[in-house]
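Trainee: Here it is, the structure, as C-alpha cells.
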Amino acid sequence: MTDEFPLEPGLLYLNHAGVAPWPRRAVAAVTAFAAENGRTGAEGYPRWLAAERRLRERLARLIGTTPAAVALAKNTSEALSIIAQGVPWQAGDNVVGIAQEFPSNRIVWESLADRGVTWRPLDLATATHPEDDLLALCDQRTRLVAVSSVQYARGLRLDLEELGARCRERGIWLCVDAIQSLGAVPFDVRRCGAQFVVADGHKWLLGPEGVALLYVDPALRDELVLTQFGWHMVAARGDYERRDWVPAADATRFECGSPNLLGIHGLEASLGLLEEVGIAEVAARIEERATRLIAQVDRLGFELLSPRAAERRAGIVTFRVPGVPSADLYRDLMAQRLICAHRGGGIRLSPHFHTPLAMLDRAMDLIAATAARPLAGHA
Ligand SMILES: Cc1ncc(COP(=O)(O)O)c(C=O)c1O
C-alpha cells in the first residue's frame, strides 16, 4: 500500500487527524480532471456527474445509508451550520455538547444564542462516563446532542450506539461530527441512529479539502428549514425557464449551487482505495499502529493524554513529555519534518492504515532525542 503513498523519504507523516496526504490515485484523478478542463472544457460534464454519483454512493455505503440521503457540502463547518440554522428551534431550547470540542462544533451552537438557544457543554476533565454525563446535562428542553464521534485533540471515542439509543429514548436528536472517525473505524448510521452526520474528506478519508458529507435523516428532511438557495437545490434542476420551484425531494436540497467537481474527483478516488482495503482492515491496521505508539510512549516515560482502552480511541495518540513544553517540542519536530500537531496540551500523532511501522519507530526515536536536548523555542 505504500505504493499509493509515495511520500518523500525524509518525511515522517503522522497527521491524518489534521490534513492527510492523498493516495496516488487521487492525485491522478485530480490531475486528469485539470488536464481535461484545459483541453476540452466542460464537454465531458455528464461524465463528471457520474463521478459525483459514484462519490455519493461510496459515502452512502460508508455510513450505511442510501445515496439519496447524502448531500455534499463545502466542509464540516458548513454542514454543521446548515443543521444548526435549519433546526426549527424555539426560544428556551438547548443543545448539549462537549467543552473541549473542535471550535466549529461549539461556535455553530453558540451562534444560536440570539434565538434563545443555549449550548450546554460537558467538561471532559470532570467526566467519568461521557455518555452518562452528556445525558445528565439534558433536560426537557434539550433538542439536540451535538458531539464529535472522536475528539480531535486527545482522541476520545464516544460510544455512539449507546448515546444514540439513549437520545432516542428521550426524543432528543443526535448530531455527529464524524470527521475524526469516518475512514478510520467502522460507522453505521442505522446502528447509532444519528439524525445528522457530517465529515469533510481531508482527514481519514484521504481526500482533498472542500468536499464534505452531510447526512440528514430522511424522516426529518422536511422539518429542517432551508437556509441556502439556488438553481441546484430545486426539484426541477436544469429547467431554467421555470419560475415556480420546490426543494428537491432528496438531500440535494441542501446543495445550493455548482458542485466542487475537482474535489469530488479526488475524494471519489480516495474512497475507492478505502473500499478496496475495507474499513475493517483499515481499522485493524490503525489500531495496531496506535497500540505501537502507546507502547513507545510508555517505554519512553512520556505521559499519555489519550484514552488507553482501544474501544475509547481511534487513530489519535496524544502525549506529553514531562518537563518539556509541548509547543516548543512541536515546533522542533515540524522543523525536522515530523508532521504532527500540537493539540490538547500535547503532541498529537495520527497514523493511518498505510503508515509504515518503521515510520512510527523513527518518529518516536526522533521525539525522544529532540526532547532530550535544549529546544529551539525554549531559550
Ligand atoms: C472534530 C472536527 N470537526 C471539524 C473539523 C474541520 O472542519 P472543516 O471541515 O469545516 O474545516 C476538524 C478539523 O480539524 C475537526 O477535528
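Every chain in the C-alpha cells has a letter given in the order shown (A, B, ...), and although residue numbers restart at 1 in each chain, ligands are simply numbered from 1 in the order shown.
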Compile the contact shell of Trp22 in chain A as a list in words: residues with an atom at most 7 Å away, counting only C-alpha atoms, same-chain residues fewer than 2 positions apart removed.

Mentor: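 That gives Ala20, Arg24, Ala26, Val27, Leu206 and Gly207 of chain A.
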
Trainee: For those residues, write N, CA and C atoms to a file as a compact mmCIF listing (two decimals), in the first residue's frame.

Mentor:
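File part.txt, as written:
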# COMPACT_ATOMS: atom_id res chain seq x y z
N ALA A 20 -4.60 14.95 5.53
CA ALA A 20 -3.93 13.73 5.08
C ALA A 20 -3.24 13.93 3.73
N ARG A 24 -1.98 8.04 -4.44
CA ARG A 24 -1.59 8.24 -5.84
C ARG A 24 -2.81 8.35 -6.76
N ALA A 26 -5.78 9.47 -6.15
CA ALA A 26 -6.47 10.76 -6.04
C ALA A 26 -5.69 11.84 -6.78
N VAL A 27 -4.37 11.77 -6.64
CA VAL A 27 -3.52 12.72 -7.39
C VAL A 27 -3.79 12.55 -8.89
N LEU A 206 -8.85 10.68 3.31
CA LEU A 206 -7.70 10.79 2.40
C LEU A 206 -7.99 11.59 1.13
N GLY A 207 -8.96 12.49 1.20
CA GLY A 207 -9.30 13.28 0.02
C GLY A 207 -8.83 14.72 0.15

Trainee: Let me have all residues with an atom within 7 Å of ligand 1, counting only C-alpha atoms and all ligand atoms, laid out as a short mmCIF file (atom, residue, chain, number, x, y, z; two decimals) with C-alpha atoms, in the first residue's frame.

Mentor:
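Output saved as result.cif:
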data_model
loop_
_atom_site.label_atom_id
_atom_site.label_comp_id
_atom_site.auth_asym_id
_atom_site.auth_seq_id
_atom_site.Cartn_x
_atom_site.Cartn_y
_atom_site.Cartn_z
CA ALA A 17 -6.21 13.88 12.02
CA GLY A 18 -5.12 17.21 10.51
CA ASN A 75 -16.79 21.41 4.65
CA THR A 76 -17.78 20.19 8.09
CA SER A 77 -18.42 23.68 9.38
CA GLU A 78 -20.82 24.49 6.56
CA GLU A 101 -14.78 20.19 21.04
CA PHE A 102 -13.19 21.48 17.86
CA SER A 104 -16.76 24.58 14.73
CA ASN A 105 -18.67 22.21 16.97
CA SER A 148 -17.74 14.54 17.56
CA GLN A 151 -12.47 14.16 19.94
CA TYR A 152 -9.95 15.99 17.78
CA ASP A 177 -19.29 15.27 13.57
CA ILE A 179 -14.59 13.72 10.65
CA GLN A 180 -12.18 12.05 13.11
CA ALA A 199 -17.49 14.97 7.86
CA ASP A 200 -15.08 16.66 5.48
CA ALA A 212 -17.88 17.11 2.92
#

Trainee: Between A:Glu36, A:Ile367, A:Leu274, A:Gln228, single out the one closest to Val297 in chain A, counting only C-alpha atoms.

Mentor: A:Ile367

Trainee: Please list as an MDAnalysis selection string every residue within 10 Å of Gly301 in chain A, counting only C-alpha atoms and excluding residues in the same chain fewer than 5 positions away.

Mentor: chainID A and resid 295:296 320:322 368

Trainee: Find the residues near Pro9 in chain A: any atom within 12 Å, counting only C-alpha atoms, skip ones fewer than 6 places away on the same chain, and give them as a PDB file with C-alpha atoms, in the first residue's frame.

Mentor:
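As written to disk, result01.pdb reads:
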ATOM      1  CA  THR A   2       2.994   2.321   0.375  1.00  0.00           C
ATOM      2  CA  ARG A 337       9.830  17.129   9.081  1.00  0.00           C
ATOM      3  CA  LEU A 338       7.902  15.089  11.598  1.00  0.00           C
ATOM      4  CA  PRO A 356       4.860   2.003   7.747  1.00  0.00           C
ATOM      5  CA  ALA A 358       9.162   1.727  10.854  1.00  0.00           C
ATOM      6  CA  MET A 359       7.986   5.323  10.435  1.00  0.00           C
ATOM      7  CA  ARG A 362      11.660   6.594  13.713  1.00  0.00           C
TER       8      ARG A 362
END

Trainee: If you run DSSP on the backbone, which residues of range 7-203 of chain A are alpha helix (DSSP H), as a ChimeraX atom specification?

Mentor: /A:24-40,45-63,76-86,104-110,130-137,160-169,189-192

Trainee: Do a neighbour search on Cys167 in chain A at 9 Å with only C-alpha atoms, toss out local chain neighbours closer than 4 positions, and write the hits as a count of residues only.

Mentor: 9

Trainee: From range 217-349 of chain A, collect each residue whose DSSP state is strand (DSSP E or B) and return the set as a list in words.

Mentor: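 Residues of range 217-349 of chain A classed as strand (DSSP E or B): Val234, Pro247, Glu303, Leu304, Val317, Thr318, Phe319, Arg320, Leu338, Ile339, Ala341, His342, Arg343, Gly346, Ile347, Arg348 and Leu349 of chain A.
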
Trainee: Atoms to include: C-alpha atoms. Write the selected residues as a PDB file, in the first residue's frame.

Mentor:
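Final output, saved to again_0.pdb:
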ATOM      1  CA  VAL A 234     -34.686  22.568  -6.637  1.00  0.00           C
ATOM      2  CA  PRO A 247     -36.864  21.892  -2.949  1.00  0.00           C
ATOM      3  CA  GLU A 303       2.544  10.936  29.718  1.00  0.00           C
ATOM      4  CA  LEU A 304      -0.278   9.530  27.602  1.00  0.00           C
ATOM      5  CA  VAL A 317      -2.458   9.296  20.141  1.00  0.00           C
ATOM      6  CA  THR A 318      -1.656  12.434  22.149  1.00  0.00           C
ATOM      7  CA  PHE A 319       1.003  12.620  24.841  1.00  0.00           C
ATOM      8  CA  ARG A 320       3.216  14.992  26.777  1.00  0.00           C
ATOM      9  CA  LEU A 338       7.902  15.089  11.598  1.00  0.00           C
ATOM     10  CA  ILE A 339       4.424  16.203  10.575  1.00  0.00           C
ATOM     11  CA  ALA A 341       0.119  18.531  15.678  1.00  0.00           C
ATOM     12  CA  HIS A 342       0.128  20.402  18.954  1.00  0.00           C
ATOM     13  CA  ARG A 343      -3.285  19.675  20.437  1.00  0.00           C
ATOM     14  CA  GLY A 346       0.480  17.627  23.976  1.00  0.00           C
ATOM     15  CA  ILE A 347       1.911  16.220  20.772  1.00  0.00           C
ATOM     16  CA  ARG A 348      -0.779  14.553  18.655  1.00  0.00           C
ATOM     17  CA  LEU A 349       0.247  11.728  16.332  1.00  0.00           C
TER      18      LEU A 349
END

Trainee: Report the distance between CA of Val324 in chain A and CA of Leu300 in chain A in Å, rounded to one decimal place.

Mentor: 13.4 Å
